[in-house]
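A.B. asks: Handing you this structure, nothing more for now.
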Amino acid sequence: MKKYRTHTCGELNLKNNDEKVLLSGWINKKRDHGNLLFIDLRDNYGITQCVIDNKNEFFKKIENIPLETVIQFEGKVVKREKDTINKELNTGEIEIKISNFKILGTTKELPLPIFSDQEYSEEIRLKYRYLDLRRSKIHKNINLRSKVISYIRKEMENFGFLEFQTPILTSSSPEGARDFLVPSRLNPGKFYALPQAPQQFKQLIMISGFDKYFQIAPCFRDEDARADRSPGEFYQLDIEMSFINQEDIFNVVENLLNKVFKKFSTKKILNEKFPKISFEDSMLKYGTDKPDLRNPLEICDLTEIFKRDDVKFEIFKKLVKSGSIVRAIISKKTKDRPRSFFDNIDKWAKDEGSSGLAYFTFEKDNNKISGKGPIGKFFSPDACQEIMKLSNAEIGDSVFFACGKKKDVEKLLSSARDKIAKDLDIIDESIFAFCWIVDYPMYEIDEKSGKIQFSHNPFSMPQGDISKLNFNQPLSIKAYQYDIVCNGIELSSGAIRNHIPELMYKLFAIAGYDKESVEEKFSGMINALSYGAPPHGGIAPGIDRIVMLLANEKNIREITMFPLNQNAQDLMMNAPSNVDNGQLKELNINIIKKK
RNA sequence: GGGGGUGUAGCUCAGUUGGUUAGAGCGAUCGCCUGUCACGCGAUAGGUCGCGGGUUCGAGUCCCGUCACUCCCGCCA
């Protein structure tokens, strides 16, 4: 007989009836009837009920063993009586009649119970992560994550991609997120940076002629956390291909994501051919470049309405005159909603730091259209009609207005879309709604400095005939830059890269970098591009967020085995920590103490 | 850096208008119980009410400060 087990805790059934077996696992639960004791034994694969009564010489000893002890039971598989079958368990038709036992690992009193549906504070969960990870839900999530990654690897290989590792110790990049820095002992005063993404390396791999690359790549960014954003590190499915255009990449990724989401979730994919939405359209209709397409609400621009003489809403008219815009969301068939529905939304908008959301509802009495609600009286029947035309609204619908600077209006209405849809409960939770956001502008104006800067990746290829690009109007230049969004979550971004050095100098010049500084900052890339670079491009879907969607989790820590907390600390391993002076000296580092 | 929420037993939480000895469930310990699967019943132990200061005859409760965790904004090419 094997040393620890003949079977796992998830595999025994009626076919094994009468067999002598050896099981090892954790004591998940005990049900002690005094002279009869049930023990649920748990391992990675499942739970098996073991039973012992007072006729057995070990009864008293086993009765006193605490939960979560690691134990081995020797016994016989016994068929359960009909009325004692547990349909919840795969092993529920049998149980193990214990004949002998051996304790393999003892336990102290537990700081958190394992078998419980209770929620626990993150603090205690992260401090005792190895206990937390024994709990059913997160244990399943982590197993799911492993299977998803393994499946993605196989599919990528089937598509003809090769996986390569890229350096973890690399150089600091001047743009983008804050870098994590690693001091160099052999090069005093100099630092490595952990890669924010293998961006330059994957392009270098293409220039090296490998054609199709992928990697489940760790990425490091020293930025503040969010529920869906780990501080520190996360994983991307990094992809790069040569001799392709945008559509080729779309095909590979759509194909892959369709397969992954079908295999690992029962939710429906709304459009297997992901719809393409231009950045501009997305910002207008949804106020964001990561729209949740499950949400049917759309935004429309009504600025012109407030230039009419038969509209008397003076606050907005004044703002519009001085350059503000007005945009609105129509909610369908909301005329019978109580006043509190509207007031709640207005109050919410004020809590968001805006001046609120003005609203009214379209009504029709004796064939006369009017606006009912706080600001309805300021709009003539003609004006109402025009708004309905512009916004596809009907009698009985309501309109919520926001007025202000374009960026502020977009931001407020983007959240208002979510808020109103949530209040109306019109989001279908049973679907995945993917889309591509395409045609990103190459440049944008920095609000503070007024200077032109790259809006995304500076290595992206501008769209159109390169010889005819209008460098005098840089804001009109669009890039082959694209994002995938699913249910309002940004899953990935990618681009066709600029592989032409002369063009790159020109594009950098517009953003204020002269040739020398480009050569200094991106010498590796620029050099490489000047020795025969193939046209290439890629994308990098976020692994963590894919798994979050598949596991139906809102927090990235629920699908991460050993995450950092919001302050980028590991409460279990005590990282980051102090280091001794010897280490610092060797690295030529002085700590400046605050205050 | 800014805003919101939370902090009471090992864990999850309740605690009224500031008023007697701070409670419950789970867990732990002990006792009873032979068909449970959230087993049941009884008892016992377990508290720096995050920390510091203040107001008050009296503070878990009110005020000020501070710390921790969390959510959001900024940030994340």
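Within each chain, counting starts at residue 1; across the structure tokens, chains are named A, B, ... in the order shown, with ligands numbered 1 upward in that order.
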At most 8 Å is the cut-off: for each residue in chain A with any atom that close to an atom of chain B, write down the nearest atom pair and the distance in Å rounded to one decimal, counting only C-alpha atoms (C1' of nucleotides), chain first then increasing number, as CSV.
C.D. replies:
residue,atom,partner,partner_atom,distance
A:Arg31,CA,B:C39,C1',6.1
A:Asp32,CA,B:C39,C1',7.7
A:His33,CA,B:C33,C1',5.4
A:Gly34,CA,B:C33,C1',5.3
A:Asn35,CA,B:U34,C1',5.6
A:Leu36,CA,B:U34,C1',5.0
A:Phe38,CA,B:U36,C1',6.8
A:Asp53,CA,B:U34,C1',7.3
A:Thr84,CA,B:G35,C1',7.0
A:Asn86,CA,B:C37,C1',7.0
A:Glu109,CA,B:A28,C1',7.4
A:Leu110,CA,B:G10,C1',7.0
A:Pro111,CA,B:G10,C1',5.4
A:Leu112,CA,B:C11,C1',5.4
A:Pro113,CA,B:C11,C1',6.6
A:Gln118,CA,B:U12,C1',6.4
A:Glu119,CA,B:U12,C1',7.3
A:Tyr120,CA,B:U12,C1',7.4
A:Ser121,CA,B:C69,C1',7.6
A:Glu122,CA,B:C69,C1',7.1
A:Glu123,CA,B:C69,C1',6.2
A:Glu175,CA,B:A77,C1',5.8
A:Gly176,CA,B:A77,C1',4.2
A:Ala177,CA,B:C76,C1',6.0
A:Arg221,CA,B:C76,C1',7.7
A:Glu223,CA,B:C76,C1',6.0
A:Asp224,CA,B:C75,C1',6.8
A:Ala227,CA,B:C71,C1',7.8
A:Phe454,CA,B:A77,C1',7.3
A:Ser455,CA,B:A77,C1',7.1
A:His456,CA,B:A77,C1',4.9
A:Asn457,CA,B:A77,C1',5.0
A:Pro458,CA,B:A77,C1',7.1
A.B. asks: Write out as a PyMOL selection string the residues lying within 12 Å of region 366-376 of chain A, counting only C-alpha atoms (C1' of nucleotides) and excluding same-chain residues fewer than 5 positions away.
C.D. replies: chain A and resi 311-316+334-339+342-343+346+357-361+381-388+394-401
A.B. asks: With DSSP run on the backbone, what are the strand (DSSP E or B) residues within region 333-582 of chain A? I'd like them as a PyMOL selection string.
C.D. replies: chain A and resi 358-365+368-372+379+398-404+431-432+434-438+441+443-445+452-454+460+462+478-479+481-486+489-497+536-542+570+575
A.B. asks: Run DSSP on the backbone of this structure and report the residues of region 373-556 of chain A it assigns to helix (DSSP H, G or I), as an MDAnalysis selection string.
C.D. replies: chainID A and resid 376:378 381:391 406:424 466:468 474:476 501:510 515:521 523:529 543:551 556
A.B. asks: Between B:C64, B:C49, B:A59, B:C41, which one has atoms that come closest to G15 (chain B), using only C-alpha atoms (C1' of nucleotides)?
C.D. replies: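 Counting only C-alpha atoms (C1' of nucleotides), the residue closest to G15 (chain B) is B:C49.
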A.B. asks: Skip U8 (chain B) itself and residues of its chain fewer than 6 positions away, then list as an NGL selection string all residues within 10 Å of it, counting only C-alpha atoms (C1' of nucleotides).
C.D. replies: :B and (14-15 or 22 or 47 or 49-50 or 60)
A.B. asks: If we count only C-alpha atoms (C1' of nucleotides), what is near U44 (chain B) at a cut-off of 12 Å, once residues fewer than 6 positions away on the same chain are taken out, given as a list in words?
C.D. replies: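 Using only C-alpha atoms (C1' of nucleotides), the neighbours found are A28, U29, C30 and G31 of chain B.
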A.B. asks: For C-alpha atoms (C1' of nucleotides), I'd like the residues from the last selection saved as a PDB file, in the first residue's frame.
C.D. replies:
ATOM      1  C1'   A B  28     -11.841  26.884  21.680  1.00  0.00           C
ATOM      2  C1'   U B  29     -12.212  23.869  26.410  1.00  0.00           C
ATOM      3  C1'   C B  30     -15.352  20.393  29.321  1.00  0.00           C
ATOM      4  C1'   G B  31     -19.826  17.230  29.721  1.00  0.00           C
TER       5        G B  31
END
